[in-house]
Amino acid sequence: MKFLELEVRTALIVHGFDEHNREVIEEVNEPNYMTKLITIERIQSISEQYVLVTGSHGRIMYWEYRGNMAELRDRLEKAGLMLP
């Protein structure tokens, strides 16, 4: 299993969908970043602002991360985790 170390803080947690098929979103906005080792398999997507990861009980979470997308892409590429 491969891991990526990132400084992140939880911004949003999606708990599922309501009866009208709208996402049930909890805004967290943690004030502090924490260092986490994240399995690559949990990462669903990366944007300039968020890393979208899977969580327990079918939830997904949007984590804000320190740095920028170009730096993160370079780290993933150097680790052989990016397709050409």
# chains A, B, ... in the order shown; residues from 1 in each chain; ligands from 1
>>> select_by_dssp(residues="chain A", states="strand (DSSP E or B)", output="PyMOL selection string")
chain A and resi 3-17+23-27+34-39+43-46+50-54+60-65
>>> residues_around(residues="A:Lys2", least_positions_apart="3", cutoff="12 Å", atoms="only C-alpha atoms", output="PDB file with C-alpha atoms, in the first residue's frame")
ATOM      1  CA  GLU A   5       2.043  12.568   3.484  1.00  0.00           C
ATOM      2  CA  LEU A  37      -0.402   9.719   5.865  1.00  0.00           C
ATOM      3  CA  ILE A  38      -3.130   9.001   3.308  1.00  0.00           C
ATOM      4  CA  THR A  39      -3.364   5.791   1.314  1.00  0.00           C
ATOM      5  CA  ILE A  40      -3.347   6.615  -2.385  1.00  0.00           C
ATOM      6  CA  GLU A  41      -6.464   4.464  -2.853  1.00  0.00           C
ATOM      7  CA  ARG A  42      -8.534   6.879  -0.716  1.00  0.00           C
ATOM      8  CA  ILE A  43      -7.851   9.845  -3.020  1.00  0.00           C
ATOM      9  CA  LEU A  76       3.001  12.177  -7.271  1.00  0.00           C
ATOM     10  CA  ALA A  79       6.717   8.697  -6.872  1.00  0.00           C
ATOM     11  CA  GLY A  80       5.569   7.086 -10.143  1.00  0.00           C
ATOM     12  CA  LEU A  81       1.884   7.610  -9.381  1.00  0.00           C
TER      13      LEU A  81
END
>>> closest_residue(among="A:Lys36, A:Val24, A:Ser45, A:Leu52", to="A:Glu64", atoms="only C-alpha atoms")
A:Leu52
>>> atom_distance(atom1="atom CA of A:Ala70", atom2="atom CA of A:Ala11")
20.7 Å
>>> atom_distance(atom1="atom CA of A:Glu30", atom2="atom CA of A:Gln44")
20.8 Å
>>> closest_residue(among="A:Tyr50, A:Val28, A:Thr35, A:Leu4", to="A:Trp63", atoms="only C-alpha atoms")
A:Tyr50
>>> atom_distance(atom1="atom CA of A:Gln49", atom2="atom CA of A:Glu19")
29.3 Å
>>> closest_residue(among="A:Phe3, A:Ile25, A:Ser56, A:Val14", to="A:Arg75", atoms="only C-alpha atoms")
A:Phe3
>>> select_by_dssp(residues="chain A", states="alpha helix (DSSP H)", output="list in words")
Met69, Ala70, Glu71, Leu72, Arg73, Asp74, Arg75, Leu76, Glu77 and Lys78 of chain A
>>> residues_around(residues="A:Arg66", least_positions_apart="6", cutoff="8 Å", atoms="only C-alpha atoms", output="number ranges by chain")
A: 6-8, 33
>>> residues_around(residues="A:Phe17", least_positions_apart="3", cutoff="12 Å", atoms="only C-alpha atoms", output="list in words")
Ile13, Val14, His20, Asn21, Arg22, Glu23, Val24, Ile25, Glu26, Gly58, Arg59 and Ile60 of chain A
>>> closest_residue(among="A:Gly67, A:Glu27, A:Asn32, A:Leu12", to="A:Thr54", atoms="only C-alpha atoms")
A:Leu12
